[in-house]
>>> print(open('target_19.cif').read())   # mmCIF, C-alpha atoms
data_input
loop_
_atom_site.label_atom_id
_atom_site.label_comp_id
_atom_site.auth_asym_id
_atom_site.auth_seq_id
_atom_site.Cartn_x
_atom_site.Cartn_y
_atom_site.Cartn_z
CA MET A 1 0.00 0.00 0.00
CA ARG A 2 1.26 3.46 -0.89
CA GLU A 3 0.99 6.66 1.14
CA ILE A 4 -2.62 7.85 1.30
CA ILE A 5 -2.93 11.52 0.39
CA ILE A 6 -6.07 13.48 1.28
CA GLN A 7 -6.31 16.84 -0.48
CA GLY A 8 -8.89 19.59 -0.07
CA LEU A 9 -11.69 17.33 1.15
CA SER A 10 -15.03 19.05 1.73
CA LYS A 11 -18.47 17.84 2.73
CA ALA A 12 -21.69 19.61 3.71
CA PHE A 13 -25.06 18.28 4.84
CA PRO A 14 -28.35 20.14 4.28
CA LEU A 15 -30.15 21.26 7.42
CA SER A 16 -33.89 20.95 7.93
CA GLY A 17 -35.21 24.30 6.90
CA ARG A 18 -32.50 26.38 5.27
CA GLY A 19 -28.75 26.33 5.10
CA LYS A 20 -26.29 23.50 5.53
CA HIS A 21 -23.83 22.09 8.02
CA ILE A 22 -20.17 22.16 6.95
CA ALA A 23 -18.72 18.84 8.13
CA LEU A 24 -15.38 19.00 6.29
CA LYS A 25 -13.69 22.09 4.88
CA ASP A 26 -10.56 21.87 2.72
CA LEU A 27 -9.20 19.00 4.83
CA CYS A 28 -5.68 17.78 4.04
CA CYS A 29 -3.85 14.85 5.57
CA THR A 30 -1.20 12.24 4.76
CA ILE A 31 -1.30 8.65 6.06
CA SER A 32 1.90 6.61 5.87
CA PRO A 33 1.79 2.87 5.12
CA GLY A 34 1.92 0.76 8.28
CA SER A 35 1.25 3.69 10.60
CA PHE A 36 -1.24 3.83 13.48
CA ASN A 37 -3.17 7.06 13.02
CA VAL A 38 -5.52 8.41 15.66
CA ILE A 39 -7.82 11.31 14.81
CA VAL A 40 -8.73 13.32 17.91
CA GLY A 41 -11.36 16.00 18.11
CA LYS A 42 -14.48 17.18 19.87
CA SER A 43 -17.90 15.76 18.98
CA GLY A 44 -19.21 17.28 15.77
CA CYS A 45 -15.81 18.21 14.32
CA GLY A 46 -16.20 15.85 11.33
CA LYS A 47 -14.22 12.79 12.47
CA THR A 48 -16.84 10.19 11.56
CA THR A 49 -17.67 11.93 8.28
CA LEU A 50 -14.00 11.75 7.29
CA LEU A 51 -13.87 8.06 8.17
CA ARG A 52 -17.03 7.30 6.20
CA ILE A 53 -15.66 9.07 3.12
CA ILE A 54 -12.41 7.10 3.35
CA ALA A 55 -14.50 3.91 3.65
CA GLY A 56 -16.61 4.84 0.62
CA LEU A 57 -19.85 5.19 2.58
CA GLU A 58 -20.14 8.93 1.89
CA GLN A 59 -19.33 10.95 -1.21
CA ALA A 60 -17.22 14.07 -0.73
CA ASP A 61 -18.43 17.33 -2.26
CA GLY A 62 -14.90 18.30 -3.25
CA GLY A 63 -11.27 17.29 -2.99
CA GLU A 64 -9.77 13.84 -3.48
CA ILE A 65 -8.16 10.88 -1.75
CA LYS A 66 -5.25 9.26 -3.56
CA ASN A 67 -3.86 5.73 -3.20
CA LEU A 68 -6.64 4.08 -1.20
CA PRO A 69 -6.45 0.27 -1.34
CA PRO A 70 -9.31 -1.63 -3.04
CA LYS A 71 -12.56 -1.58 -1.06
CA LYS A 72 -12.26 -5.27 -0.23
CA LYS A 73 -8.96 -4.46 1.49
CA CYS A 74 -10.52 -1.76 3.70
CA GLY A 75 -12.04 -2.90 7.00
CA LEU A 76 -14.45 -0.64 8.91
CA MET A 77 -15.48 -1.17 12.55
CA PHE A 78 -18.36 0.94 13.86
CA GLN A 79 -19.07 2.10 17.41
CA SER A 80 -21.69 -0.67 17.80
CA PRO A 81 -21.08 -4.30 16.69
CA ARG A 82 -24.02 -4.52 14.21
CA PHE A 83 -24.23 -8.30 14.17
CA LEU A 84 -26.94 -10.32 12.47
CA PRO A 85 -28.83 -11.63 15.55
CA TRP A 86 -30.02 -14.87 13.90
CA LEU A 87 -26.44 -16.00 13.14
CA THR A 88 -24.01 -17.46 15.63
CA LEU A 89 -20.77 -15.69 16.46
CA TRP A 90 -18.91 -18.04 14.11
CA GLU A 91 -21.35 -17.31 11.29
CA ASN A 92 -21.20 -13.56 11.90
CA ILE A 93 -17.42 -13.63 11.56
CA THR A 94 -17.62 -15.40 8.17
CA PHE A 95 -21.03 -14.37 6.77
CA TRP A 96 -19.45 -12.11 4.15
CA GLU A 97 -18.23 -15.17 2.26
CA HIS A 98 -21.39 -17.27 2.03
CA GLY A 99 -22.56 -17.78 -1.52
CA HIS A 100 -19.56 -16.03 -3.07
CA PHE A 101 -16.66 -18.48 -2.76
CA THR A 102 -15.94 -22.16 -3.19
CA ALA A 103 -16.25 -24.61 -0.30
CA GLU A 104 -12.46 -24.78 -0.11
CA GLU A 105 -12.14 -20.99 0.10
CA ILE A 106 -14.82 -20.82 2.80
CA SER A 107 -13.04 -23.55 4.76
CA GLU A 108 -9.79 -21.57 4.65
CA ALA A 109 -11.59 -18.38 5.70
CA LYS A 110 -13.21 -20.20 8.63
CA LYS A 111 -9.80 -21.40 9.77
CA LYS A 112 -8.61 -17.79 9.72
CA SER A 113 -11.68 -16.72 11.69
CA ALA A 114 -11.04 -19.48 14.21
CA ARG A 115 -7.53 -18.10 14.75
CA LEU A 116 -8.98 -14.62 15.27
CA LEU A 117 -11.56 -15.88 17.75
CA LYS A 118 -8.79 -17.64 19.64
CA ALA A 119 -6.66 -14.48 19.61
CA PHE A 120 -9.54 -12.54 21.19
CA GLY A 121 -10.37 -15.26 23.72
CA LEU A 122 -13.71 -16.13 22.13
CA THR A 123 -13.26 -19.74 21.02
CA ASP A 124 -15.70 -21.05 23.66
CA TRP A 125 -18.36 -18.63 22.39
CA GLN A 126 -18.15 -19.38 18.67
CA ASP A 127 -21.58 -21.09 18.62
CA SER A 128 -23.30 -18.43 20.75
CA PHE A 129 -25.65 -15.78 19.39
CA PRO A 130 -24.83 -12.04 19.64
CA GLY A 131 -27.43 -11.48 22.34
CA GLN A 132 -25.54 -13.86 24.64
CA LEU A 133 -22.32 -11.82 24.56
CA SER A 134 -21.27 -9.11 26.99
CA GLY A 135 -20.50 -5.65 25.64
CA GLY A 136 -16.74 -6.22 25.75
CA MET A 137 -17.03 -9.62 24.09
CA ALA A 138 -19.21 -8.17 21.34
CA GLN A 139 -16.61 -5.49 20.60
CA ARG A 140 -13.83 -8.08 20.49
CA ALA A 141 -15.93 -10.18 18.11
CA SER A 142 -16.63 -7.13 15.96
CA LEU A 143 -12.91 -6.45 15.70
CA ALA A 144 -12.29 -10.10 14.79
CA ARG A 145 -14.92 -9.86 12.04
CA THR A 146 -13.32 -6.69 10.67
CA LEU A 147 -9.92 -8.38 10.54
CA ALA A 148 -11.24 -11.56 8.90
CA THR A 149 -10.82 -10.03 5.43
CA SER A 150 -7.10 -9.32 6.05
CA PRO A 151 -7.48 -5.58 5.37
CA GLN A 152 -4.60 -3.35 4.38
CA LEU A 153 -6.43 -0.35 5.85
CA LEU A 154 -8.36 -0.68 9.12
CA LEU A 155 -10.85 2.10 9.98
CA LEU A 156 -12.14 2.27 13.55
CA ASP A 157 -14.86 4.72 14.65
CA GLU A 158 -14.61 5.13 18.45
CA PRO A 159 -14.75 1.32 18.77
CA PHE A 160 -14.15 1.17 22.53
CA ALA A 161 -16.32 4.10 23.65
CA ALA A 162 -19.16 1.94 24.99
CA VAL A 163 -17.14 -0.45 27.19
CA ASP A 164 -15.85 -0.14 30.74
CA TYR A 165 -12.37 1.14 31.58
CA PHE A 166 -10.70 -2.24 32.08
CA THR A 167 -12.24 -3.76 28.95
CA ARG A 168 -11.08 -0.71 27.00
CA LEU A 169 -7.49 -1.24 28.16
CA ARG A 170 -7.63 -4.89 27.10
CA LEU A 171 -9.02 -3.98 23.69
CA GLN A 172 -6.32 -1.35 23.27
CA ASP A 173 -3.72 -4.02 24.05
CA GLU A 174 -5.22 -6.39 21.51
CA ILE A 175 -5.47 -3.94 18.62
CA ALA A 176 -1.91 -2.70 19.26
CA ARG A 177 -0.61 -6.28 19.39
CA LEU A 178 -2.38 -7.29 16.18
CA TRP A 179 -1.07 -4.19 14.42
CA GLN A 180 2.50 -4.90 15.53
CA GLU A 181 2.32 -8.57 14.52
CA GLN A 182 1.66 -7.81 10.86
CA PRO A 183 4.63 -8.74 8.65
CA ASP A 184 6.73 -5.99 7.06
CA SER A 185 5.73 -7.38 3.66
CA ALA A 186 2.03 -6.72 4.41
CA PRO A 187 1.79 -3.92 7.00
CA LEU A 188 -1.55 -2.88 8.44
CA THR A 189 -2.41 0.82 8.35
CA ILE A 190 -4.91 1.98 10.99
CA VAL A 191 -7.08 5.10 11.16
CA PHE A 192 -8.71 5.26 14.59
CA VAL A 193 -11.21 7.95 15.58
CA THR A 194 -11.58 8.99 19.22
CA HIS A 195 -12.17 11.98 21.47
CA ASP A 196 -10.13 10.36 24.26
CA ILE A 197 -6.70 12.00 24.59
CA SER A 198 -5.32 9.18 26.76
CA GLU A 199 -6.36 6.57 24.20
CA ALA A 200 -4.70 8.55 21.42
CA SER A 201 -1.46 9.01 23.35
CA ARG A 202 -1.24 5.30 24.15
CA LEU A 203 -2.01 3.87 20.72
CA ALA A 204 -0.92 6.22 17.96
CA THR A 205 2.22 6.72 15.97
CA HIS A 206 0.55 9.76 14.38
CA ILE A 207 -2.02 11.89 16.21
CA HIS A 208 -4.08 14.10 13.90
CA ILE A 209 -5.86 16.98 15.62
CA MET A 210 -9.22 17.75 14.04
CA SER A 211 -11.29 20.87 14.54
CA GLN A 212 -14.15 22.46 12.62
CA GLY A 213 -13.81 20.11 9.67
CA ARG A 214 -10.04 20.33 9.25
CA ILE A 215 -6.86 18.62 10.39
CA THR A 216 -5.15 21.47 12.22
CA ALA A 217 -2.01 19.65 13.47
CA THR A 218 -0.26 16.28 13.40
CA ILE A 219 1.80 15.11 16.38
CA ILE A 220 4.26 12.22 16.06
CA ASN A 221 4.41 9.82 19.01
CA HIS A 222 7.87 8.26 19.39
CA GLU A 223 7.12 6.11 22.46
CA PRO A 224 8.18 2.50 21.76
CA TYR A 225 5.77 -0.42 21.87
CA PRO A 226 4.45 -2.19 23.84
CA ARG A 227 3.04 0.76 25.76
CA PRO A 228 1.82 0.08 29.30
CA PRO A 229 -1.60 1.43 30.29
CA VAL A 230 -0.10 3.40 33.18
CA ALA A 231 2.78 5.62 32.08
CA ASP A 232 3.75 9.26 32.23
CA ARG A 233 2.46 10.66 28.95
CA SER A 234 1.58 14.02 30.47
CA GLY A 235 3.87 15.94 28.11
CA LEU A 236 2.36 14.37 25.00
CA GLU A 237 -1.19 14.74 26.29
CA ALA A 238 -0.54 18.38 27.13
CA SER A 239 0.61 18.91 23.53
CA ILE A 240 -2.56 17.23 22.23
CA PHE A 241 -4.76 19.34 24.51
CA SER A 242 -2.96 22.51 23.47
CA ALA A 243 -3.35 21.67 19.78
CA LEU A 244 -7.06 20.94 20.27
CA ASN A 245 -7.58 24.28 21.96
CA ALA A 246 -5.60 26.10 19.29
CA GLY A 247 -7.69 24.49 16.57
CA ASN A 248 -10.94 25.60 18.18
CA ASN A 249 -9.91 29.24 18.43
#
>>> encode(input="target_19.cif", output="structure tokens")
Amino acid sequence: MREIIIQGLSKAFPLSGRGKHIALKDLCCTISPGSFNVIVGKSGCGKTTLLRIIAGLEQADGGEIKNLPPKKKCGLMFQSPRFLPWLTLWENITFWEHGHFTAEEISEAKKKSARLLKAFGLTDWQDSFPGQLSGGMAQRASLARTLATSPQLLLLDEPFAAVDYFTRLRLQDEIARLWQEQPDSAPLTIVFVTHDISEASRLATHIHIMSQGRITATIINHEPYPRPPVADRSGLEASIFSALNAGNN
């Protein structure tokens, strides 16, 4: 995958009545292959709109994105799991293949899904239905499903916002570990949206500050991995907070 270049992206939504809401305004950003990018900003700044345009779920009004991988190599994880409730966990992980591939290809994909379920500690729940899972388990399963297609670009929209503190730390550990374990020949590039400064400082190699529809600053995080949940990142977090405030002025 080559460097993704976002140039002059704009997007507006009509308001009920008159006028329109400007979600993105001349947004520019560069995403390096194999990097872990976290986009930080207040609610309503355009983070999710940007992610949806990258994923191909929204059409930009202007600007362009260069060098995106094919859609089948882009994985998108939403804030909520969005499982099909009548399918088991195993079937939800692999449902995207049914009816489209040979039996041999499906068998290989199921083996891959089994490895993912094992990696996320969900092997014993593979025959359960989504309604039987806890919130944390559902998010882990959702991440496993997103990774089942072996994406080159992984897009995550506040994926851990709805879980408790300790589950969030575990999920952060797991996504960081999976990202690091990708071979140099096939690196995984991540774009992760959050409003949590601590989450950004722990996970990211590149922290993109977003405000009023634009990327206003990019901060490089040089802390080596693995990164413990409790560490002194006060200097980095102060820089993020300062950049957020500057962007809102």
>>> atom_distance(input="target_19.cif", atom1="CA of Asp26 in chain A", atom2="CA of Leu155 in chain A")
21.1 Å
>>> resolve_selection(input="target_19.cif", expression="the PyMOL selection byres ((chain A and resi 168) around 12)", output="PDB file with C-alpha atoms, in the coordinates of the input")
ATOM      1  CA  GLY A 135     -20.500  -5.650  25.640  1.00  0.00           C
ATOM      2  CA  GLY A 136     -16.740  -6.220  25.750  1.00  0.00           C
ATOM      3  CA  MET A 137     -17.030  -9.620  24.090  1.00  0.00           C
ATOM      4  CA  GLN A 139     -16.610  -5.490  20.600  1.00  0.00           C
ATOM      5  CA  ARG A 140     -13.830  -8.080  20.490  1.00  0.00           C
ATOM      6  CA  GLU A 158     -14.610   5.130  18.450  1.00  0.00           C
ATOM      7  CA  PRO A 159     -14.750   1.320  18.770  1.00  0.00           C
ATOM      8  CA  PHE A 160     -14.150   1.170  22.530  1.00  0.00           C
ATOM      9  CA  ALA A 161     -16.320   4.100  23.650  1.00  0.00           C
ATOM     10  CA  ALA A 162     -19.160   1.940  24.990  1.00  0.00           C
ATOM     11  CA  VAL A 163     -17.140  -0.450  27.190  1.00  0.00           C
ATOM     12  CA  ASP A 164     -15.850  -0.140  30.740  1.00  0.00           C
ATOM     13  CA  TYR A 165     -12.370   1.140  31.580  1.00  0.00           C
ATOM     14  CA  PHE A 166     -10.700  -2.240  32.080  1.00  0.00           C
ATOM     15  CA  THR A 167     -12.240  -3.760  28.950  1.00  0.00           C
ATOM     16  CA  LEU A 169      -7.490  -1.240  28.160  1.00  0.00           C
ATOM     17  CA  ARG A 170      -7.630  -4.890  27.100  1.00  0.00           C
ATOM     18  CA  LEU A 171      -9.020  -3.980  23.690  1.00  0.00           C
ATOM     19  CA  GLN A 172      -6.320  -1.350  23.270  1.00  0.00           C
ATOM     20  CA  ASP A 173      -3.720  -4.020  24.050  1.00  0.00           C
ATOM     21  CA  GLU A 174      -5.220  -6.390  21.510  1.00  0.00           C
ATOM     22  CA  ILE A 175      -5.470  -3.940  18.620  1.00  0.00           C
ATOM     23  CA  ASP A 196     -10.130  10.360  24.260  1.00  0.00           C
ATOM     24  CA  SER A 198      -5.320   9.180  26.760  1.00  0.00           C
ATOM     25  CA  GLU A 199      -6.360   6.570  24.200  1.00  0.00           C
ATOM     26  CA  ARG A 202      -1.240   5.300  24.150  1.00  0.00           C
ATOM     27  CA  LEU A 203      -2.010   3.870  20.720  1.00  0.00           C
ATOM     28  CA  PRO A 229      -1.600   1.430  30.290  1.00  0.00           C
TER      29      PRO A 229
END
>>> resolve_selection(input="target_19.cif", expression="the PyMOL selection byres ((chain A and resi 75) around 8)", output="list of chain:residue names")
A:Ala55, A:Lys72, A:Lys73, A:Cys74, A:Leu76, A:Met77, A:Thr146, A:Leu147, A:Thr149, A:Pro151, A:Gln152, A:Leu153, A:Leu154, A:Leu155
>>> closest_residue(input="target_19.cif", among="A:Ala176, A:Ile22, A:Gln7, A:Leu117", to="Cys45 in chain A", atoms="all atoms listed in the file")
A:Ile22
>>> closest_residue(input="target_19.cif", among="A:Pro130, A:Gly121, A:Gly19, A:Pro183", to="Ile93 in chain A", atoms="only C-alpha atoms")
A:Pro130
>>> closest_atom_pairs(input="target_19.cif", of="range 98-193 of chain A", to="range 28-38 of chain A", cutoff="8 Å", atoms="only C-alpha atoms", output="tab-separated table")
residue	atom	partner	partner_atom	distance
A:Pro187	CA	A:Gly34	CA	4.9
A:Leu188	CA	A:Gly34	CA	5.0
A:Thr189	CA	A:Gly34	CA	4.3
A:Ile190	CA	A:Phe36	CA	4.8
A:Val191	CA	A:Asn37	CA	4.8
A:Phe192	CA	A:Val38	CA	4.6
A:Val193	CA	A:Val38	CA	5.7
>>> closest_residue(input="target_19.cif", among="A:Ile209, A:Ala138, A:His21, A:Ala204", to="Arg82 in chain A", atoms="only C-alpha atoms")
A:Ala138
>>> resolve_selection(input="target_19.cif", expression="the PyMOL selection byres ((chain A and resi 49) around 12)", output="PyMOL selection string")
chain A and resi 9-13+21-25+27+39+43-48+50-61+157+193+210+212-214
>>> residues_around(input="target_19.cif", residues="Lys111 in chain A", least_positions_apart="5", cutoff="12 Å", atoms="all atoms listed in the file", output="PyMOL selection string")
chain A and resi 90+93-94+104-106+116-118+123+148
>>> write_last_selection(input="target_19.cif", atoms="C-alpha atoms", output="PDB file, in the frame of the given file")
ATOM      1  CA  TRP A  90     -18.910 -18.040  14.110  1.00  0.00           C
ATOM      2  CA  ILE A  93     -17.420 -13.630  11.560  1.00  0.00           C
ATOM      3  CA  THR A  94     -17.620 -15.400   8.170  1.00  0.00           C
ATOM      4  CA  GLU A 104     -12.460 -24.780  -0.110  1.00  0.00           C
ATOM      5  CA  GLU A 105     -12.140 -20.990   0.100  1.00  0.00           C
ATOM      6  CA  ILE A 106     -14.820 -20.820   2.800  1.00  0.00           C
ATOM      7  CA  LEU A 116      -8.980 -14.620  15.270  1.00  0.00           C
ATOM      8  CA  LEU A 117     -11.560 -15.880  17.750  1.00  0.00           C
ATOM      9  CA  LYS A 118      -8.790 -17.640  19.640  1.00  0.00           C
ATOM     10  CA  THR A 123     -13.260 -19.740  21.020  1.00  0.00           C
ATOM     11  CA  ALA A 148     -11.240 -11.560   8.900  1.00  0.00           C
TER      12      ALA A 148
END
>>> closest_residue(input="target_19.cif", among="A:Gln79, A:Ser150, A:Asn67, A:Ser16", to="Thr194 in chain A", atoms="only C-alpha atoms")
A:Gln79
>>> atom_distance(input="target_19.cif", atom1="CA of Arg115 in chain A", atom2="CA of Ala186 in chain A")
18.1 Å
>>> residues_around(input="target_19.cif", residues="His222 in chain A", least_positions_apart="3", cutoff="10 Å", atoms="all atoms listed in the file", output="list in words")
Ala204, Thr205, His206, Ile219, Tyr225 and Leu236 of chain A
>>> closest_residue(input="target_19.cif", among="A:Gly131, A:Gly63, A:Pro70, A:Gly235", to="Ile6 in chain A", atoms="only C-alpha atoms")
A:Gly63
>>> closest_residue(input="target_19.cif", among="A:Gln126, A:Ala231, A:Pro226, A:Ile215", to="Glu181 in chain A", atoms="all atoms listed in the file")
A:Pro226
>>> atom_distance(input="target_19.cif", atom1="CA of Lys71 in chain A", atom2="CA of Met1 in chain A")
12.7 Å
>>> decode(input="target_19.cif", residues="range 55-66 of chain A", atoms="C-alpha atoms", output="PDB file, in the first residue's frame")
ATOM      1  CA  ALA A  55     -14.497   3.909   3.647  1.00  0.00           C
ATOM      2  CA  GLY A  56     -16.606   4.845   0.615  1.00  0.00           C
ATOM      3  CA  LEU A  57     -19.852   5.186   2.581  1.00  0.00           C
ATOM      4  CA  GLU A  58     -20.137   8.925   1.894  1.00  0.00           C
ATOM      5  CA  GLN A  59     -19.330  10.946  -1.205  1.00  0.00           C
ATOM      6  CA  ALA A  60     -17.217  14.072  -0.729  1.00  0.00           C
ATOM      7  CA  ASP A  61     -18.432  17.331  -2.263  1.00  0.00           C
ATOM      8  CA  GLY A  62     -14.902  18.301  -3.248  1.00  0.00           C
ATOM      9  CA  GLY A  63     -11.272  17.289  -2.993  1.00  0.00           C
ATOM     10  CA  GLU A  64      -9.770  13.838  -3.484  1.00  0.00           C
ATOM     11  CA  ILE A  65      -8.159  10.876  -1.752  1.00  0.00           C
ATOM     12  CA  LYS A  66      -5.253   9.262  -3.556  1.00  0.00           C
TER      13      LYS A  66
END
